Amino acid sequence: MRLNRTFLILMLAFLIASLTSYPQTKNQAAEDMSVKLQQKVLLTKDQTAKVQAILADYFNNANQSTLASSKKSIEGILDKKQKAKYDIIKNDWWSSIQKAADEKK
């Protein structure tokens, strides 16, 4: 009887741990990718936070329509100099985001 209770407690702990780590991996991916963009195009802290929120939304519902709206939203918060740098790296950056989203599914 005691062995069954111990096994049940361990299984419950494992289930809770796996459920709580899943959202963190998506948020971590959004944070990592926003920091990467911050370093490449010199985003402000406010812009980085906005990019992270946009990417978190994208990772939660990754499809073509959210991809297009995410791209448009991110491009909308950049100034001219940042936009010029972004245009150089955007294809590689977005492909790495899509790859990360595919891994999170």
# chains A, B, ... in the order shown; residues from 1 in each chain; ligands from 1
>>> residues_around(residues="stretch 61-68 of chain A", least_positions_apart="2", cutoff="10 Å", atoms="only C-alpha atoms", output="count of residues only")
17
>>> closest_residue(among="A:Ala53, A:Ile9, A:Leu78, A:Ala29", to="A:Val41", atoms="only C-alpha atoms")
A:Leu78
>>> decode(residues="stretch 65-85 of chain A", atoms="N, CA, C and O atoms", output="JSON list (two decimals), in the first residue's frame")
[["chain", "number", "residue", "atom", "x", "y", "z"],
["A", 65, "SER", "N", -1.22, 32.89, -40.64],
["A", 65, "SER", "CA", -1.85, 34.20, -40.40],
["A", 65, "SER", "C", -1.21, 34.91, -39.21],
["A", 65, "SER", "O", -0.99, 36.12, -39.25],
["A", 66, "THR", "N", -0.88, 34.16, -38.15],
["A", 66, "THR", "CA", -0.22, 34.81, -37.01],
["A", 66, "THR", "C", 1.21, 35.19, -37.37],
["A", 66, "THR", "O", 1.73, 36.17, -36.85],
["A", 67, "LEU", "N", 1.83, 34.43, -38.27],
["A", 67, "LEU", "CA", 3.17, 34.77, -38.73],
["A", 67, "LEU", "C", 3.15, 36.11, -39.44],
["A", 67, "LEU", "O", 3.97, 37.00, -39.15],
["A", 68, "ALA", "N", 2.20, 36.29, -40.34],
["A", 68, "ALA", "CA", 2.11, 37.55, -41.09],
["A", 68, "ALA", "C", 1.81, 38.73, -40.17],
["A", 68, "ALA", "O", 2.43, 39.79, -40.29],
["A", 69, "SER", "N", 0.89, 38.55, -39.24],
["A", 69, "SER", "CA", 0.56, 39.65, -38.34],
["A", 69, "SER", "C", 1.71, 39.94, -37.38],
["A", 69, "SER", "O", 1.95, 41.10, -37.03],
["A", 70, "SER", "N", 2.45, 38.91, -36.98],
["A", 70, "SER", "CA", 3.60, 39.12, -36.10],
["A", 70, "SER", "C", 4.69, 39.90, -36.82],
["A", 70, "SER", "O", 5.29, 40.82, -36.26],
["A", 71, "LYS", "N", 4.94, 39.53, -38.08],
["A", 71, "LYS", "CA", 5.94, 40.27, -38.86],
["A", 71, "LYS", "C", 5.55, 41.73, -38.99],
["A", 71, "LYS", "O", 6.38, 42.63, -38.80],
["A", 72, "LYS", "N", 4.30, 41.97, -39.31],
["A", 72, "LYS", "CA", 3.82, 43.34, -39.49],
["A", 72, "LYS", "C", 3.92, 44.13, -38.18],
["A", 72, "LYS", "O", 4.33, 45.29, -38.18],
["A", 73, "SER", "N", 3.56, 43.50, -37.08],
["A", 73, "SER", "CA", 3.62, 44.18, -35.78],
["A", 73, "SER", "C", 5.05, 44.54, -35.40],
["A", 73, "SER", "O", 5.31, 45.64, -34.91],
["A", 74, "ILE", "N", 5.96, 43.61, -35.62],
["A", 74, "ILE", "CA", 7.36, 43.87, -35.27],
["A", 74, "ILE", "C", 7.95, 44.95, -36.16],
["A", 74, "ILE", "O", 8.63, 45.86, -35.68],
["A", 75, "GLU", "N", 7.66, 44.89, -37.45],
["A", 75, "GLU", "CA", 8.17, 45.92, -38.35],
["A", 75, "GLU", "C", 7.61, 47.29, -38.00],
["A", 75, "GLU", "O", 8.26, 48.31, -38.20],
["A", 76, "GLY", "N", 6.41, 47.32, -37.44],
["A", 76, "GLY", "CA", 5.77, 48.58, -37.07],
["A", 76, "GLY", "C", 6.41, 49.28, -35.89],
["A", 76, "GLY", "O", 6.23, 50.49, -35.72],
["A", 77, "ILE", "N", 7.15, 48.57, -35.05],
["A", 77, "ILE", "CA", 7.76, 49.21, -33.88],
["A", 77, "ILE", "C", 9.20, 49.66, -34.13],
["A", 77, "ILE", "O", 9.80, 50.27, -33.26],
["A", 78, "LEU", "N", 9.72, 49.38, -35.30],
["A", 78, "LEU", "CA", 11.11, 49.74, -35.61],
["A", 78, "LEU", "C", 11.20, 51.13, -36.22],
["A", 78, "LEU", "O", 10.34, 51.54, -36.99],
["A", 79, "ASP", "N", 12.29, 51.84, -35.90],
["A", 79, "ASP", "CA", 12.52, 53.12, -36.57],
["A", 79, "ASP", "C", 13.27, 52.85, -37.88],
["A", 79, "ASP", "O", 13.55, 51.69, -38.22],
["A", 80, "LYS", "N", 13.62, 53.91, -38.62],
["A", 80, "LYS", "CA", 14.21, 53.73, -39.96],
["A", 80, "LYS", "C", 15.54, 52.98, -39.92],
["A", 80, "LYS", "O", 15.78, 52.09, -40.74],
["A", 81, "LYS", "N", 16.43, 53.35, -39.00],
["A", 81, "LYS", "CA", 17.74, 52.69, -38.93],
["A", 81, "LYS", "C", 17.58, 51.22, -38.53],
["A", 81, "LYS", "O", 18.24, 50.35, -39.08],
["A", 82, "GLN", "N", 16.71, 50.98, -37.57],
["A", 82, "GLN", "CA", 16.47, 49.60, -37.14],
["A", 82, "GLN", "C", 15.85, 48.79, -38.26],
["A", 82, "GLN", "O", 16.19, 47.63, -38.46],
["A", 83, "LYS", "N", 14.96, 49.40, -39.00],
["A", 83, "LYS", "CA", 14.29, 48.71, -40.11],
["A", 83, "LYS", "C", 15.30, 48.32, -41.18],
["A", 83, "LYS", "O", 15.22, 47.22, -41.75],
["A", 84, "ALA", "N", 16.27, 49.18, -41.45],
["A", 84, "ALA", "CA", 17.30, 48.86, -42.44],
["A", 84, "ALA", "C", 18.12, 47.64, -42.00],
["A", 84, "ALA", "O", 18.40, 46.75, -42.80],
["A", 85, "LYS", "N", 18.48, 47.59, -40.71],
["A", 85, "LYS", "CA", 19.22, 46.43, -40.20],
["A", 85, "LYS", "C", 18.34, 45.19, -40.18],
["A", 85, "LYS", "O", 18.80, 44.09, -40.50]]
